[in-house]
Each structure stands twice: as structure tokens, then as C-alpha cells.
>>> print(open('start-v1.pdb').read())   # PDB, C-alpha atoms (C1' of nucleotides)
ATOM      1  CA  MET A1187      84.715  98.365 128.511
ATOM      2  CA  ALA A1188      86.001 100.486 125.796
ATOM      3  CA  SER A1189      83.864  99.145 123.054
ATOM      4  CA  LEU A1190      85.309 101.738 120.830
ATOM      5  CA  ALA A1191      88.900 100.648 120.889
ATOM      6  CA  PRO A1192      90.495 103.278 118.716
ATOM      7  CA  PRO A1193      88.758 106.607 119.048
ATOM      8  CA  ASP A1194      90.312 106.833 115.706
ATOM      9  CA  LEU A1195      87.283 105.335 114.082
ATOM     10  CA  LEU A1196      85.088 108.358 114.652
ATOM     11  CA  ALA A1197      87.883 110.673 113.667
ATOM     12  CA  VAL A1198      88.323 108.793 110.434
ATOM     13  CA  LEU A1199      84.643 108.951 109.715
ATOM     14  CA  ALA A1200      84.591 112.625 110.488
ATOM     15  CA  ASP A1201      85.783 113.430 107.009
ATOM     16  CA  PRO A1202      82.954 113.748 104.479
ATOM     17  CA  THR A1203      85.151 112.669 101.611
ATOM     18  CA  ARG A1204      85.962 109.452 103.350
ATOM     19  CA  ARG A1205      82.341 108.824 104.094
ATOM     20  CA  ARG A1206      81.606 109.387 100.460
ATOM     21  CA  LEU A1207      84.189 106.794  99.606
ATOM     22  CA  LEU A1208      82.552 104.296 101.883
ATOM     23  CA  ASP A1209      79.252 105.105 100.285
ATOM     24  CA  LEU A1210      80.653 104.453  96.851
ATOM     25  CA  LEU A1211      82.043 101.174  98.013
ATOM     26  CA  LEU A1212      78.619 100.139  99.160
ATOM     27  CA  ASP A1213      77.946  99.333  95.543
ATOM     28  CA  GLY A1214      80.829  96.956  95.466
ATOM     29  CA  PRO A1215      84.615  96.893  95.167
ATOM     30  CA  ARG A1216      86.226  99.414  92.891
ATOM     31  CA  PRO A1217      89.627 100.400  91.629
ATOM     32  CA  VAL A1218      91.031 103.736  92.664
ATOM     33  CA  GLY A1219      90.557 105.241  89.251
ATOM     34  CA  GLU A1220      86.822 104.860  89.387
ATOM     35  CA  LEU A1221      86.659 106.249  92.856
ATOM     36  CA  VAL A1222      88.650 109.254  91.782
ATOM     37  CA  GLY A1223      86.227 109.822  88.956
ATOM     38  CA  GLU A1224      83.095 109.680  91.016
ATOM     39  CA  LEU A1225      84.605 111.567  93.849
ATOM     40  CA  GLY A1226      85.798 114.510  91.855
ATOM     41  CA  ALA A1227      88.847 114.703  94.020
ATOM     42  CA  SER A1228      92.400 114.444  92.863
ATOM     43  CA  GLN A1229      94.027 111.052  92.613
ATOM     44  CA  PRO A1230      96.642 111.677  95.307
ATOM     45  CA  SER A1231      94.056 113.008  97.677
ATOM     46  CA  THR A1232      91.869 110.006  97.063
ATOM     47  CA  SER A1233      94.739 107.640  97.622
ATOM     48  CA  LYS A1234      95.515 109.291 100.895
ATOM     49  CA  HIS A1235      91.976 109.008 102.092
ATOM     50  CA  LEU A1236      91.901 105.404 101.067
ATOM     51  CA  ARG A1237      95.006 104.844 103.059
ATOM     52  CA  VAL A1238      93.422 106.302 106.142
ATOM     53  CA  LEU A1239      90.391 104.126 105.631
ATOM     54  CA  ARG A1240      92.587 101.113 105.148
ATOM     55  CA  GLU A1241      94.572 101.770 108.278
ATOM     56  CA  ALA A1242      91.357 102.159 110.160
ATOM     57  CA  GLY A1243      90.318  98.770 108.889
ATOM     58  CA  LEU A1244      87.333 100.162 107.077
ATOM     59  CA  VAL A1245      88.357  99.064 103.632
ATOM     60  CA  HIS A1246      90.399  96.332 102.135
ATOM     61  CA  VAL A1247      92.619  96.449  99.106
ATOM     62  CA  HIS A1248      93.129  93.734  96.600
ATOM     63  CA  PRO A1249      95.791  94.216  93.942
ATOM     64  CA  ASP A1250      94.878  93.521  90.379
ATOM     65  CA  ALA A1251      97.835  94.192  88.141
ATOM     66  CA  GLN A1252      98.716  97.824  88.650
ATOM     67  CA  ARG A1253      95.253  98.408  89.926
ATOM     68  CA  ARG A1254      94.164  98.420  93.490
ATOM     69  CA  VAL A1255      90.662  97.330  94.025
ATOM     70  CA  TYR A1256      89.226  98.637  97.230
ATOM     71  CA  ALA A1257      86.420  96.917  99.019
ATOM     72  CA  LEU A1258      84.313  97.734 101.995
ATOM     73  CA  ARG A1259      85.050  96.079 105.283
ATOM     74  CA  PRO A1260      82.086  96.723 107.490
ATOM     75  CA  GLN A1261      83.178  94.826 110.566
ATOM     76  CA  ARG A1262      84.875  97.810 112.032
ATOM     77  CA  LEU A1263      81.656  99.717 111.875
ATOM     78  CA  ALA A1264      80.164  97.205 114.226
ATOM     79  CA  GLU A1265      82.280  98.806 116.905
ATOM     80  CA  LEU A1266      80.635 102.084 116.224
ATOM     81  CA  ASP A1267      77.332 100.357 116.491
ATOM     82  CA  ALA A1268      78.387  98.963 119.837
ATOM     83  CA  TRP A1269      79.429 102.368 121.061
ATOM     84  CA  LEU A1270      76.055 103.625 120.063
ATOM     85  CA  ALA A1271      74.216 100.967 121.979
ATOM     86  CA  PRO A1272      73.812 102.678 125.369
ATOM     87  CA  TYR A1273      72.443 105.744 123.651
ATOM     88  CA  ARG A1274      70.159 103.767 121.443
ATOM     89  CA  ARG A1275      68.329 102.562 124.484
ATOM     90  CA  LEU A1276      67.612 106.172 125.286
ATOM     91  CA  TRP A1277      66.217 107.323 122.021
ATOM     92  CA  GLU A1278      64.232 104.175 121.563
ATOM     93  CA  GLY A1279      62.647 104.099 124.946
ATOM     94  CA  ARG A1280      60.075 106.254 126.603
ATOM     95  CA  LEU A1281      62.838 108.574 127.688
ATOM     96  CA  ASP A1282      62.020 110.456 124.564
ATOM     97  CA  ALA A1283      58.946 111.737 126.275
ATOM     98  CA  LEU A1284      61.015 113.197 129.050
ATOM     99  CA  GLU A1285      63.301 114.681 126.489
ATOM    100  CA  ALA A1286      60.425 116.330 124.719
ATOM    101  CA  HIS A1287      59.218 117.672 127.984
ATOM    102  CA  LEU A1288      62.537 119.235 128.786
ATOM    103  CA  ASP A1289      62.729 120.611 125.327
ATOM    104  CA  ALA A1290      59.435 122.382 125.760
ATOM    105  CA  HIS A1291      60.448 123.961 129.029
ATOM    106  CA  PRO A1292      63.683 125.832 128.737
ATOM    107  CA  ASP A1293      63.188 127.223 132.204
ATOM    108  CA  PRO A1294      61.199 124.999 134.542
ATOM    109  CA  GLU A1295      61.172 125.278 138.297
ATOM    110  CA  PRO A1296      64.373 126.829 139.489
ATOM    111  CA  ARG A1297      66.152 124.782 142.059
ATOM    112  CA  ARG A1298      68.032 125.739 145.108
ATOM    113  CA  SER A1299      71.710 126.122 144.764
ATOM    114  CA  SER A1300      72.256 123.286 147.146
ATOM    115  CA  ARG A1301      74.971 120.841 146.521
TER     116      ARG A1301
ATOM    117  CA  MET B 358      71.772 128.898 114.707
ATOM    118  CA  ALA B 359      70.553 126.036 112.723
ATOM    119  CA  SER B 360      69.127 123.301 114.815
ATOM    120  CA  LEU B 361      68.094 121.193 111.920
ATOM    121  CA  ALA B 362      71.170 121.578 109.831
ATOM    122  CA  PRO B 363      73.780 120.566 112.334
ATOM    123  CA  PRO B 364      77.454 120.595 111.720
ATOM    124  CA  ASP B 365      78.813 117.241 110.775
ATOM    125  CA  LEU B 366      77.595 114.991 113.487
ATOM    126  CA  LEU B 367      80.541 112.694 113.060
ATOM    127  CA  ALA B 368      82.925 115.598 113.140
ATOM    128  CA  VAL B 369      81.515 116.593 116.479
ATOM    129  CA  LEU B 370      81.819 113.065 117.764
ATOM    130  CA  ALA B 371      85.354 112.829 116.491
ATOM    131  CA  ASP B 372      86.610 114.577 119.581
ATOM    132  CA  PRO B 373      87.359 112.185 122.446
ATOM    133  CA  THR B 374      86.645 114.803 125.074
ATOM    134  CA  ARG B 375      83.185 115.349 123.700
ATOM    135  CA  ARG B 376      82.527 111.651 123.627
ATOM    136  CA  ARG B 377      83.626 111.510 127.211
ATOM    137  CA  LEU B 378      81.132 114.210 128.029
ATOM    138  CA  LEU B 379      78.360 112.259 126.413
ATOM    139  CA  ASP B 380      79.438 109.219 128.346
ATOM    140  CA  LEU B 381      79.258 111.141 131.580
ATOM    141  CA  LEU B 382      75.825 112.357 130.717
ATOM    142  CA  LEU B 383      74.673 108.805 130.257
ATOM    143  CA  ASP B 384      74.393 108.714 134.011
ATOM    144  CA  GLY B 385      72.006 111.604 133.988
ATOM    145  CA  PRO B 386      71.937 115.372 133.692
ATOM    146  CA  ARG B 387      74.742 117.289 135.317
ATOM    147  CA  PRO B 388      75.831 120.843 135.897
ATOM    148  CA  VAL B 389      78.976 122.061 134.205
ATOM    149  CA  GLY B 390      80.947 122.081 137.404
ATOM    150  CA  GLU B 391      80.592 118.386 137.904
ATOM    151  CA  LEU B 392      81.493 117.676 134.337
ATOM    152  CA  VAL B 393      84.590 119.788 134.661
ATOM    153  CA  GLY B 394      85.573 117.815 137.705
ATOM    154  CA  GLU B 395      85.188 114.413 136.188
ATOM    155  CA  LEU B 396      86.651 115.447 132.916
ATOM    156  CA  GLY B 397      89.822 116.915 134.270
ATOM    157  CA  ALA B 398      89.680 119.578 131.632
ATOM    158  CA  SER B 399      89.547 123.292 132.269
ATOM    159  CA  GLN B 400      86.211 124.945 132.733
ATOM    160  CA  PRO B 401      86.410 127.119 129.631
ATOM    161  CA  SER B 402      87.404 124.207 127.517
ATOM    162  CA  THR B 403      84.566 122.156 128.881
ATOM    163  CA  SER B 404      82.099 124.927 128.241
ATOM    164  CA  LYS B 405      83.260 125.174 124.669
ATOM    165  CA  HIS B 406      82.852 121.505 124.084
ATOM    166  CA  LEU B 407      79.435 121.615 125.620
ATOM    167  CA  ARG B 408      78.567 124.374 123.272
ATOM    168  CA  VAL B 409      79.592 122.340 120.290
ATOM    169  CA  LEU B 410      77.556 119.431 121.557
ATOM    170  CA  ARG B 411      74.623 121.690 122.120
ATOM    171  CA  GLU B 412      74.804 123.181 118.658
ATOM    172  CA  ALA B 413      74.972 119.712 117.271
ATOM    173  CA  GLY B 414      71.805 118.920 119.158
ATOM    174  CA  LEU B 415      73.484 116.233 121.186
ATOM    175  CA  VAL B 416      72.863 117.783 124.551
ATOM    176  CA  HIS B 417      70.336 120.068 126.070
ATOM    177  CA  VAL B 418      70.777 122.779 128.662
ATOM    178  CA  HIS B 419      68.477 123.580 131.451
ATOM    179  CA  PRO B 420      69.330 126.642 133.551
ATOM    180  CA  ASP B 421      69.157 126.263 137.286
ATOM    181  CA  ALA B 422      70.070 129.525 138.927
ATOM    182  CA  GLN B 423      73.594 130.306 137.804
ATOM    183  CA  ARG B 424      74.050 126.703 136.956
ATOM    184  CA  ARG B 425      73.583 125.093 133.626
ATOM    185  CA  VAL B 426      72.455 121.546 133.815
ATOM    186  CA  TYR B 427      73.325 119.620 130.728
ATOM    187  CA  ALA B 428      71.396 116.586 129.659
ATOM    188  CA  LEU B 429      71.819 114.048 126.963
ATOM    189  CA  ARG B 430      69.741 114.291 123.854
ATOM    190  CA  PRO B 431      70.056 111.024 122.058
ATOM    191  CA  GLN B 432      67.809 111.771 119.133
ATOM    192  CA  ARG B 433      70.589 113.055 116.964
ATOM    193  CA  LEU B 434      72.441 109.854 117.446
ATOM    194  CA  ALA B 435      69.594 108.113 115.764
ATOM    195  CA  GLU B 436      70.758 109.790 112.598
ATOM    196  CA  LEU B 437      74.110 108.198 113.028
ATOM    197  CA  ASP B 438      72.362 104.923 113.515
ATOM    198  CA  ALA B 439      70.488 105.502 110.306
ATOM    199  CA  TRP B 440      73.653 106.281 108.444
ATOM    200  CA  LEU B 441      75.060 103.066 109.743
ATOM    201  CA  ALA B 442      72.135 101.017 108.531
ATOM    202  CA  PRO B 443      73.308 100.106 105.036
ATOM    203  CA  TYR B 444      76.593  98.926 106.456
ATOM    204  CA  ARG B 445      74.984  97.014 109.242
ATOM    205  CA  ARG B 446      73.340  94.811 106.714
ATOM    206  CA  LEU B 447      76.756  93.928 105.443
ATOM    207  CA  TRP B 448      78.446  92.984 108.645
ATOM    208  CA  GLU B 449      75.436  91.133 109.861
ATOM    209  CA  GLY B 450      74.518  89.242 106.790
ATOM    210  CA  ARG B 451      75.694  87.056 104.036
ATOM    211  CA  LEU B 452      78.854  88.991 103.477
ATOM    212  CA  ASP B 453      80.541  86.598 105.801
ATOM    213  CA  ALA B 454      81.776  84.647 102.860
ATOM    214  CA  LEU B 455      83.524  87.616 101.396
ATOM    215  CA  GLU B 456      84.935  88.541 104.741
ATOM    216  CA  ALA B 457      86.339  85.074 105.138
ATOM    217  CA  HIS B 458      87.958  85.448 101.810
ATOM    218  CA  LEU B 459      89.424  88.758 102.763
ATOM    219  CA  ASP B 460      90.614  87.286 105.985
ATOM    220  CA  ALA B 461      92.767  84.923 104.031
ATOM    221  CA  HIS B 462      94.627  87.850 102.558
ATOM    222  CA  PRO B 463      96.467  89.909 105.145
ATOM    223  CA  ASP B 464      96.587  93.064 103.176
ATOM    224  CA  PRO B 465      97.423  95.890 105.551
ATOM    225  CA  GLU B 466     101.133  95.443 104.851
ATOM    226  CA  PRO B 467     102.190  98.628 103.094
ATOM    227  CA  ARG B 468     105.644  97.297 102.251
ATOM    228  CA  ARG B 469     105.453  94.057 100.488
ATOM    229  CA  SER B 470     108.257  93.123  98.148
ATOM    230  CA  SER B 471     108.086  89.375  98.286
ATOM    231  CA  ARG B 472     106.489  88.998  94.983
TER     232      ARG B 472
ATOM    233  C1'  DC C1208     113.912  96.302  77.498
ATOM    234  C1'  DG C1209     111.302 100.542  77.101
ATOM    235  C1'  DG C1210     107.026 102.918  77.521
ATOM    236  C1'  DG C1211     103.101 104.032  79.620
ATOM    237  C1'  DA C1212      99.213 103.294  82.815
ATOM    238  C1'  DA C1213      97.657 103.112  87.600
ATOM    239  C1'  DT C1214      98.610 104.200  92.231
ATOM    240  C1'  DA C1215     101.241 105.589  96.280
ATOM    241  C1'  DT C1216     104.328 109.048  98.743
ATOM    242  C1'  DG C1217     106.803 113.075 100.108
ATOM    243  C1'  DC C1218     106.871 117.917 100.685
ATOM    244  C1'  DC C1219     104.887 122.348 101.214
ATOM    245  C1'  DC C1220     101.190 125.346 102.413
ATOM    246  C1'  DT C1221      96.841 126.728 104.471
ATOM    247  C1'  DG C1222      92.849 126.619 107.407
ATOM    248  C1'  DC C1223      90.766 125.308 111.330
ATOM    249  C1'  DA C1224      89.979 123.290 115.761
ATOM    250  C1'  DA C1225      91.323 122.858 120.671
ATOM    251  C1'  DG C1226      93.683 124.571 124.659
ATOM    252  C1'  DG C1227      94.951 128.340 127.899
ATOM    253  C1'  DC C1228      94.110 132.566 130.000
ATOM    254  C1'  DA C1229      91.692 136.527 131.284
ATOM    255  C1'  DT C1230      87.385 138.508 131.497
ATOM    256  C1'  DA C1231      82.394 139.446 130.966
ATOM    257  C1'  DC C1232      78.008 137.904 132.366
ATOM    258  C1'  DT C1233      74.190 136.287 135.473
ATOM    259  C1'  DC C1234      72.142 134.872 139.196
ATOM    260  C1'  DG C1235      70.978 134.251 144.405
ATOM    261  C1'  DG C1236      71.905 135.422 149.012
ATOM    262  C1'  DA C1237      73.269 138.317 152.809
TER     263       DA C1237
ATOM    264  C1'  DT D 793      73.016 146.737 146.899
ATOM    265  C1'  DC D 794      77.041 144.337 146.704
ATOM    266  C1'  DC D 795      79.517 139.957 146.569
ATOM    267  C1'  DG D 796      80.714 135.604 145.142
ATOM    268  C1'  DA D 797      79.668 131.268 142.753
ATOM    269  C1'  DG D 798      79.029 129.305 138.337
ATOM    270  C1'  DT D 799      79.464 129.633 133.463
ATOM    271  C1'  DA D 800      80.180 131.624 128.909
ATOM    272  C1'  DT D 801      83.164 134.225 125.552
ATOM    273  C1'  DG D 802      86.965 136.478 123.250
ATOM    274  C1'  DC D 803      91.622 136.454 121.902
ATOM    275  C1'  DC D 804      95.884 134.292 120.944
ATOM    276  C1'  DT D 805      98.713 130.388 119.894
ATOM    277  C1'  DT D 806      99.788 125.937 118.223
ATOM    278  C1'  DG D 807      99.360 121.377 116.231
ATOM    279  C1'  DC D 808      97.519 118.775 112.845
ATOM    280  C1'  DA D 809      94.570 117.388 108.932
ATOM    281  C1'  DG D 810      93.724 117.940 103.964
ATOM    282  C1'  DG D 811      94.692 119.743  99.372
ATOM    283  C1'  DG D 812      97.972 120.318  95.519
ATOM    284  C1'  DC D 813     101.912 119.234  93.008
ATOM    285  C1'  DA D 814     105.707 116.552  91.501
ATOM    286  C1'  DT D 815     107.721 112.213  91.719
ATOM    287  C1'  DA D 816     108.737 107.369  92.970
ATOM    288  C1'  DT D 817     106.975 102.755  92.301
ATOM    289  C1'  DT D 818     104.998  98.812  90.270
ATOM    290  C1'  DC D 819     103.172  96.473  86.919
ATOM    291  C1'  DC D 820     101.594  95.006  81.844
ATOM    292  C1'  DC D 821     102.494  94.936  77.105
ATOM    293  C1'  DG D 822     104.615  95.502  72.736
TER     294       DG D 822
END
>>> encode(input="start-v1.pdb", output="C-alpha cells")
Amino acid sequence: MASLAPPDLLAVLADPTRRRLLDLLLDGPRPVGELVGELGASQPSTSKHLRVLREAGLVHVHPDAQRRVYALRPQRLAELDAWLAPYRRLWEGRLDALEAHLDAHPDPEPRRSSR
Amino acid sequence: MASLAPPDLLAVLADPTRRRLLDLLLDGPRPVGELVGELGASQPSTSKHLRVLREAGLVHVHPDAQRRVYALRPQRLAELDAWLAPYRRLWEGRLDALEAHLDAHPDPEPRRSSR
DNA sequence: CGGGAATATGCCCTGCAAGGCATACTCGGA
DNA sequence: TCCGAGTATGCCTTGCAGGGCATATTCCCG
């Protein structure tokens, strides 16, 4: 089951600027102008990033006169959370002990080259 | 080599091939050869991706003769989980009302002239 | 109506990441 | 000691993402 429908999501989140945008939106919806200000990026650049976020379903826009108020849309991130699930079991469980063990022994008992 | 100051974790995960590698490793540690086989990618390419994963702290290598057995290292993913936390609260909680509201406004139409 | 504010788009340019190929390296076994 | 299996690396090329700039677009207001 491809819990992570569009691999896009991770790719979209790969950009620090976009993550910063999401962070800013954590405080609540904001018009582009404000985002531009706090971001320090140019307005066109910001708009483009917002578009990417919008197309990824990570934000939502709500027109207010000539303004566009962007708001967070966290649902999509639930998919990321789902993708993470199988791994979470690993880092949460006692497997960590095994991991630590391996980490401490870069070169344990050599095995036979049997296949 | 900075183990504690990894390259953008999300940037590393942005690559589908690398995610596929992680997925494969969910089943347990494997030598490069096997990974190459199941991945369908070339050996050099696979090795490069593994390197990126390794430098990001997402996998761990354990030499076995001329083989390199790669294993998952989920800890780093916990960071991603942590990053996700503030958003999780949103999609899990009381924001449902807002979401419902947003749902009533199909916004993702770029071209909308019916005003 | 015209002007101006707020935002989106299109185009161009640059840097970087990913793939392919050949090759260097490192073991273990005969 | 030499050979071959298994893996890493270096170099080159290409496609694409992101930034900047100018401009189109859409709206409010006087």
C-alpha cells in the first residue's frame, strides 16, 4: 500500500524555504505580503513556493480582495506520518539496542562469503 | 564528515530511489548486491545513493568480507517525526472545524473567472 | 474610469543532483 | 601470489529546480 501517494510530498518538503513557509503558517493564516516580509525572499519567489505548496495540498488559499490569505492544511502531512509508521516502530522499540550494538562494532565477526 | 549536522534530511528523502532503499531495508540488513537486484538500478548508482543515506545517518554499513551489509538506522527519522509534531496536533485535533470550512471552498482552481 | 496595491506568471540563467560508464580498491580463496 | 567477486569513486553529461526580473492580472478606491 503506497501510503505515500505522491512521492511529491517529500520532494516538496525538501526545500527549506517551503518548510519555513509552513512554519510561519503554523501561527495562523497570512497574506502573501507578510510571508514575503518574514521570509526575506522576493515576492515572486515566495509566490512560486506557495504555489508548489498549494498544488501539493499543503496550504490553502483564501482570497480577500487583492490579497491571498494562505493557511496551513495539515492533512497531507498525515500521509507523511503514515509513511513514517513502519520506521517508527523500529526507533521506538528495543531494536535501538541492536542498533547501538552495531554502531559500536564497525567490524564484528566476518562472515563467510556464502550466498 | 559531519554525523551530527546531516544534510537536509528531507532533501535526502526526497529521492524516490532512496526511499525505496529504505523500504527494502525494512526487511532487514542486506548487502549491496541484493539491493541492486531488487532496485533495478545500476550498481554505481545504488552505491551512491547508499552513500547519501549513510551520510545522512539513515543507514549503517557493516563490512563482511568484500561485501557491505547495509542496515536501517531509524533514529534519524525520529527527527522527522519531531518536526512533524506541531503539525500533527493540527490534523489530529480541533482544527477539524476549520478544515470543514476549507473543504467547502474548492480552491485549487488556478483559473477562475466566474466572479 | 484611472491609479495603484497585491499577487501571480513567464522567461532566462545558473547550480546542482542523478545517471552512465569506466576504473580503482579490497578482500578471500585457490 | 594471483584472480575474481563485490563495491566504491571519479568524470562527464543532462534535466530540472530555484532565483531574479519584468510584466500581466485582479481588485479596491477615489
>>> resolve_selection(input="start-v1.pdb", expression="the PyMOL selection byres ((chain B) within 9 of (chain C))", output="PyMOL selection string")
chain B and resi 399+401-402+422-424
>>> interface_residues(input="start-v1.pdb", of="chain A", to="chain D", cutoff="12 Å", atoms="all atoms listed in the file", output="PyMOL selection string")
chain A and resi 1197-1198+1200-1204+1227-1232+1234-1235+1238+1249-1254+1299-1300
>>> atom_distance(input="start-v1.pdb", atom1="atom CA of Leu383 of chain B", atom2="atom CA of Leu429 of chain B")
6.8 Å
>>> interface_residues(input="start-v1.pdb", of="chain B", to="chain A", cutoff="8 Å", atoms="only C-alpha atoms", output="PyMOL selection string")
chain B and resi 365-373+383+417-422+430-432+434-435+438+441+443-445+447-448+456+459+464-465
>>> atom_distance(input="start-v1.pdb", atom1="atom CA of Leu1221 of chain A", atom2="atom CA of Glu1265 of chain A")
25.6 Å
>>> atom_distance(input="start-v1.pdb", atom1="atom CA of Val1255 of chain A", atom2="atom CA of Ser1233 of chain A")
11.7 Å
